[in-house]
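**Q** I am attaching a structure below and will ask some questions about it afterwards.
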Amino acid sequence: MARLLGLPMICIHTAADNCVTSYLGRLFESEKPARLRDVVRLLKEIPEYRRSAALQLPPRIVSGSDDSRCGKILVDMTGGTEGAKDVFDKYAAGGVSTLVGMHISEDHLENAKKANLNVVIAGHISSDNLGLNLLLDAVEKKGRLEYVCVSGFERIRRDG
């Protein structure tokens, strides 16, 4: 469509996913949430997840409970693919207790539960929004851009 309209286009989906992974990893490292409810609370403090929660799509615990201890948290915000189904035992053996991701299939969730891992699903569209906003914040340091927000995207700028 961009080519037909004579518009420049670039795919930055994976880069945006990587921005979310880094951002949330730093957040959890600095805040050190003790329980899964603390992870969900921290996510809901982020505008993109707060907006999603207001639309009845909040971050949610799909393995574990509010009172479950977080332990070591692994953030995996890779959209579109989940990787191997047998990785969860390896995560647990490596000391990971909690996974935070965009989404998880039933097969992967079953294997995560078998490995006694907590799983928090932040949400796909809200995570995509966060990643794109973080990426655009960095791009805008070079100058202001003009945006057309479509398909659920909302531009939210961060200071600093």
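As shown in the structure tokens, the chain order sets the letters A, B, ...; within each chain, residues go from 1, and ligands are also counted from 1 in the order they appear.
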Hey, what's within 6 Å of range 108-117 of chain A if we count only C-alpha atoms and toss same-chain stuff fewer than 3 positions away? As number ranges by chain, please?
**A** A: 85, 88-89, 97-98, 105
**Q** Could you list, as a list in words, every residue within 8 Å of Met77 in chain A, counting only C-alpha atoms and ignoring same-chain residues fewer than 5 positions away?
**A**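 These residues fall inside the cut-off: Asp17, Asn18, Val20, Thr21, Val100, Gly101, Met102 and Ser127 of chain A.
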**Q** Could you give me, as a VMD selection string, the residues within 8 Å of Ile61 in chain A, counting only C-alpha atoms and dropping anything in the same chain fewer than 6 positions from it?
**A** chain A and resid 36 40 118 to 121
**Q** CA of Ala92 in chain A and CA of Tyr49 in chain A, how far apart in Å?
**A**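 Between CA of Tyr49 in chain A and CA of Ala92 in chain A the gap is 27.0 Å.
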**Q** Contacts between range 128-144 of chain A and range 36-87 of chain A, please, where a residue of range 36-87 of chain A counts if it comes within 12 Å (with only C-alpha atoms); show its shortest atom pair and distance in Å to one decimal, rows by chain and ascending number, as a tab-separated table.
**A**
residue	atom	partner	partner_atom	distance
A:Leu43	CA	A:Leu130	CA	10.9
A:Ile46	CA	A:Leu130	CA	8.5
A:Pro47	CA	A:Leu130	CA	8.3
A:Glu48	CA	A:Leu130	CA	5.9
A:Tyr49	CA	A:Leu130	CA	8.2
A:Arg50	CA	A:Leu130	CA	11.0
A:Arg51	CA	A:Asn129	CA	10.4
A:Ser52	CA	A:Asn129	CA	10.0
A:Met77	CA	A:Asp128	CA	8.8
A:Thr78	CA	A:Asp128	CA	9.8
A:Gly79	CA	A:Asp128	CA	8.4
A:Gly80	CA	A:Asp128	CA	11.4
**Q** Can you write just those residues out, C-alpha atoms, as a PDB file, in the first residue's frame?
**A**
ATOM      1  CA  LEU A  43       2.528  -2.762  34.363  1.00  0.00           C
ATOM      2  CA  ILE A  46       2.545   2.347  32.371  1.00  0.00           C
ATOM      3  CA  PRO A  47       0.130   4.425  30.245  1.00  0.00           C
ATOM      4  CA  GLU A  48      -0.187   1.880  27.413  1.00  0.00           C
ATOM      5  CA  TYR A  49      -1.124  -0.939  29.807  1.00  0.00           C
ATOM      6  CA  ARG A  50      -3.363   1.350  31.882  1.00  0.00           C
ATOM      7  CA  ARG A  51      -5.256   2.288  28.697  1.00  0.00           C
ATOM      8  CA  SER A  52      -5.599  -1.368  27.756  1.00  0.00           C
ATOM      9  CA  MET A  77       8.191  -9.560  24.205  1.00  0.00           C
ATOM     10  CA  THR A  78       8.793 -11.253  20.881  1.00  0.00           C
ATOM     11  CA  GLY A  79       5.569 -11.046  18.947  1.00  0.00           C
ATOM     12  CA  GLY A  80       4.443 -13.552  16.354  1.00  0.00           C
TER      13      GLY A  80
END
**Q** Among range 2-81 of chain A, which ones does DSSP assign to helix (DSSP H, G or I) (computed from the backbone)? Answer as a ChimeraX atom specification.
**A** /A:2-5,13-31,36-44,47-54
**Q** Which of chain A end up as strand (DSSP E or B) when DSSP is run on this backbone - answer as a list in words?
**A**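 The residues of chain A classed as strand (DSSP E or B) are Arg35, Arg60, Ile61, Val62, Ser63, Arg69, Lys72, Ile73, Leu74, Val75, Asp76, Val96, Ser97, Thr98, Leu99, Val100, Gly101, Asn118, Val119, Val120 and Ile121 of chain A.
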**Q** Could you save the residues just selected, with all heavy atoms, as a compact mmCIF listing (two decimals), in the first residue's frame?
**A**
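Result saved to again_21.txt:
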# COMPACT_ATOMS: atom_id res chain seq x y z
N ARG A 35 6.01 -9.98 44.46
CA ARG A 35 4.87 -10.86 44.16
C ARG A 35 4.32 -10.54 42.77
O ARG A 35 4.52 -9.46 42.25
CB ARG A 35 3.76 -10.66 45.19
CG ARG A 35 4.22 -10.76 46.64
CD ARG A 35 4.21 -12.16 47.11
NE ARG A 35 4.70 -12.22 48.49
CZ ARG A 35 4.92 -13.31 49.13
NH1 ARG A 35 4.68 -14.47 48.53
NH2 ARG A 35 5.38 -13.32 50.36
N ARG A 60 -2.45 -9.72 32.94
CA ARG A 60 -3.06 -10.73 33.80
C ARG A 60 -2.10 -11.87 34.09
O ARG A 60 -1.21 -12.18 33.30
CB ARG A 60 -4.35 -11.25 33.18
CG ARG A 60 -4.16 -12.02 31.90
CD ARG A 60 -5.47 -12.25 31.16
NE ARG A 60 -5.33 -13.13 30.03
CZ ARG A 60 -4.73 -12.83 28.89
NH1 ARG A 60 -4.19 -11.67 28.72
NH2 ARG A 60 -4.67 -13.71 27.91
N ILE A 61 -2.33 -12.48 35.22
CA ILE A 61 -1.57 -13.64 35.65
C ILE A 61 -2.26 -14.87 35.07
O ILE A 61 -3.45 -15.08 35.32
CB ILE A 61 -1.52 -13.73 37.19
CG1 ILE A 61 -0.85 -12.48 37.76
CG2 ILE A 61 -0.83 -15.01 37.64
CD1 ILE A 61 -1.09 -12.28 39.26
N VAL A 62 -1.52 -15.68 34.31
CA VAL A 62 -2.12 -16.89 33.73
C VAL A 62 -1.51 -18.15 34.32
O VAL A 62 -2.02 -19.25 34.08
CB VAL A 62 -2.03 -16.89 32.18
CG1 VAL A 62 -2.86 -15.76 31.59
CG2 VAL A 62 -0.60 -16.83 31.70
N SER A 63 -0.45 -18.01 35.08
CA SER A 63 0.14 -19.13 35.82
C SER A 63 0.71 -18.54 37.11
O SER A 63 1.53 -17.63 37.05
CB SER A 63 1.24 -19.83 35.02
OG SER A 63 1.80 -20.89 35.78
N ARG A 69 5.50 -15.63 44.59
CA ARG A 69 6.76 -14.88 44.60
C ARG A 69 7.31 -14.81 43.18
O ARG A 69 7.30 -15.79 42.45
CB ARG A 69 7.78 -15.56 45.50
CG ARG A 69 7.39 -15.53 46.96
CD ARG A 69 8.46 -16.25 47.80
NE ARG A 69 8.02 -16.43 49.15
CZ ARG A 69 8.26 -15.56 50.13
NH1 ARG A 69 8.94 -14.47 49.89
NH2 ARG A 69 7.82 -15.79 51.35
N LYS A 72 13.32 -14.59 39.97
CA LYS A 72 13.96 -14.00 38.79
C LYS A 72 12.93 -13.88 37.66
O LYS A 72 12.25 -14.84 37.33
CB LYS A 72 15.13 -14.88 38.33
CG LYS A 72 15.89 -14.31 37.16
CD LYS A 72 17.09 -15.20 36.81
CE LYS A 72 17.87 -14.63 35.64
NZ LYS A 72 19.02 -15.49 35.31
N ILE A 73 12.85 -12.68 37.09
CA ILE A 73 11.87 -12.39 36.04
C ILE A 73 12.56 -12.34 34.68
O ILE A 73 13.58 -11.68 34.52
CB ILE A 73 11.17 -11.04 36.30
CG1 ILE A 73 10.43 -11.07 37.64
CG2 ILE A 73 10.22 -10.70 35.16
CD1 ILE A 73 9.87 -9.72 38.06
N LEU A 74 11.97 -13.04 33.71
CA LEU A 74 12.43 -12.98 32.33
C LEU A 74 11.34 -12.31 31.50
O LEU A 74 10.19 -12.74 31.52
CB LEU A 74 12.70 -14.38 31.78
CG LEU A 74 13.05 -14.45 30.29
CD1 LEU A 74 14.42 -13.83 30.04
CD2 LEU A 74 13.03 -15.89 29.80
N VAL A 75 11.70 -11.24 30.81
CA VAL A 75 10.77 -10.54 29.93
C VAL A 75 11.02 -11.03 28.51
O VAL A 75 12.15 -10.97 28.02
CB VAL A 75 10.95 -9.01 30.01
CG1 VAL A 75 10.01 -8.30 29.05
CG2 VAL A 75 10.75 -8.52 31.44
N ASP A 76 9.97 -11.51 27.85
CA ASP A 76 10.06 -11.96 26.46
C ASP A 76 8.91 -11.34 25.68
O ASP A 76 7.78 -11.79 25.78
CB ASP A 76 10.01 -13.48 26.36
CG ASP A 76 10.13 -13.97 24.92
OD1 ASP A 76 10.40 -13.15 24.02
OD2 ASP A 76 9.95 -15.18 24.69
N VAL A 96 15.05 -18.90 36.42
CA VAL A 96 13.89 -18.05 36.14
C VAL A 96 12.68 -18.61 36.87
O VAL A 96 12.44 -19.82 36.87
CB VAL A 96 13.62 -17.97 34.62
CG1 VAL A 96 12.30 -17.26 34.33
CG2 VAL A 96 14.78 -17.31 33.91
N SER A 97 11.92 -17.72 37.51
CA SER A 97 10.69 -18.10 38.20
C SER A 97 9.45 -17.53 37.53
O SER A 97 8.37 -18.08 37.64
CB SER A 97 10.71 -17.61 39.65
OG SER A 97 11.79 -18.16 40.34
N THR A 98 9.62 -16.37 36.87
CA THR A 98 8.48 -15.66 36.29
C THR A 98 8.79 -15.20 34.88
O THR A 98 9.85 -14.63 34.63
CB THR A 98 8.12 -14.42 37.16
OG1 THR A 98 7.79 -14.86 38.49
CG2 THR A 98 6.95 -13.64 36.58
N LEU A 99 7.85 -15.45 33.98
CA LEU A 99 7.92 -14.96 32.61
C LEU A 99 6.89 -13.85 32.44
O LEU A 99 5.75 -13.99 32.88
CB LEU A 99 7.60 -16.07 31.61
CG LEU A 99 8.47 -17.31 31.63
CD1 LEU A 99 7.90 -18.37 30.69
CD2 LEU A 99 9.89 -16.95 31.24
N VAL A 100 7.30 -12.77 31.79
CA VAL A 100 6.38 -11.69 31.43
C VAL A 100 6.45 -11.57 29.92
O VAL A 100 7.53 -11.38 29.35
CB VAL A 100 6.75 -10.35 32.10
CG1 VAL A 100 5.82 -9.24 31.62
CG2 VAL A 100 6.72 -10.48 33.62
N GLY A 101 5.29 -11.73 29.26
CA GLY A 101 5.27 -11.70 27.81
C GLY A 101 4.03 -11.04 27.25
O GLY A 101 3.14 -10.64 28.00
N ASN A 118 5.77 -19.02 36.89
CA ASN A 118 4.72 -18.02 36.89
C ASN A 118 4.72 -17.39 35.50
O ASN A 118 5.78 -17.23 34.90
CB ASN A 118 5.00 -16.92 37.90
CG ASN A 118 5.07 -17.44 39.32
OD1 ASN A 118 4.24 -18.22 39.74
ND2 ASN A 118 6.10 -17.00 40.03
N VAL A 119 3.54 -17.00 35.03
CA VAL A 119 3.45 -16.32 33.73
C VAL A 119 2.49 -15.15 33.87
O VAL A 119 1.35 -15.31 34.31
CB VAL A 119 2.96 -17.27 32.61
CG1 VAL A 119 2.86 -16.53 31.28
CG2 VAL A 119 3.86 -18.49 32.49
N VAL A 120 2.97 -13.98 33.47
CA VAL A 120 2.14 -12.77 33.41
C VAL A 120 2.08 -12.34 31.95
O VAL A 120 3.12 -12.18 31.31
CB VAL A 120 2.72 -11.63 34.28
CG1 VAL A 120 1.89 -10.35 34.11
CG2 VAL A 120 2.80 -12.05 35.74
N ILE A 121 0.87 -12.17 31.45
CA ILE A 121 0.68 -11.71 30.09
C ILE A 121 0.35 -10.22 30.14
O ILE A 121 -0.67 -9.81 30.71
CB ILE A 121 -0.46 -12.49 29.39
CG1 ILE A 121 -0.08 -13.97 29.28
CG2 ILE A 121 -0.76 -11.90 28.02
CD1 ILE A 121 1.24 -14.24 28.57
**Q** May I ask for the distance between CA of Gly71 in chain A and CA of Ser126 in chain A, given in Å to one decimal place?
**A**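 Distance reported for this atom pair: 24.5 Å.
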**Q** Which distance in Å separates CA of Phe28 in chain A and CA of Pro59 in chain A, to one decimal?
**A** 14.9 Å
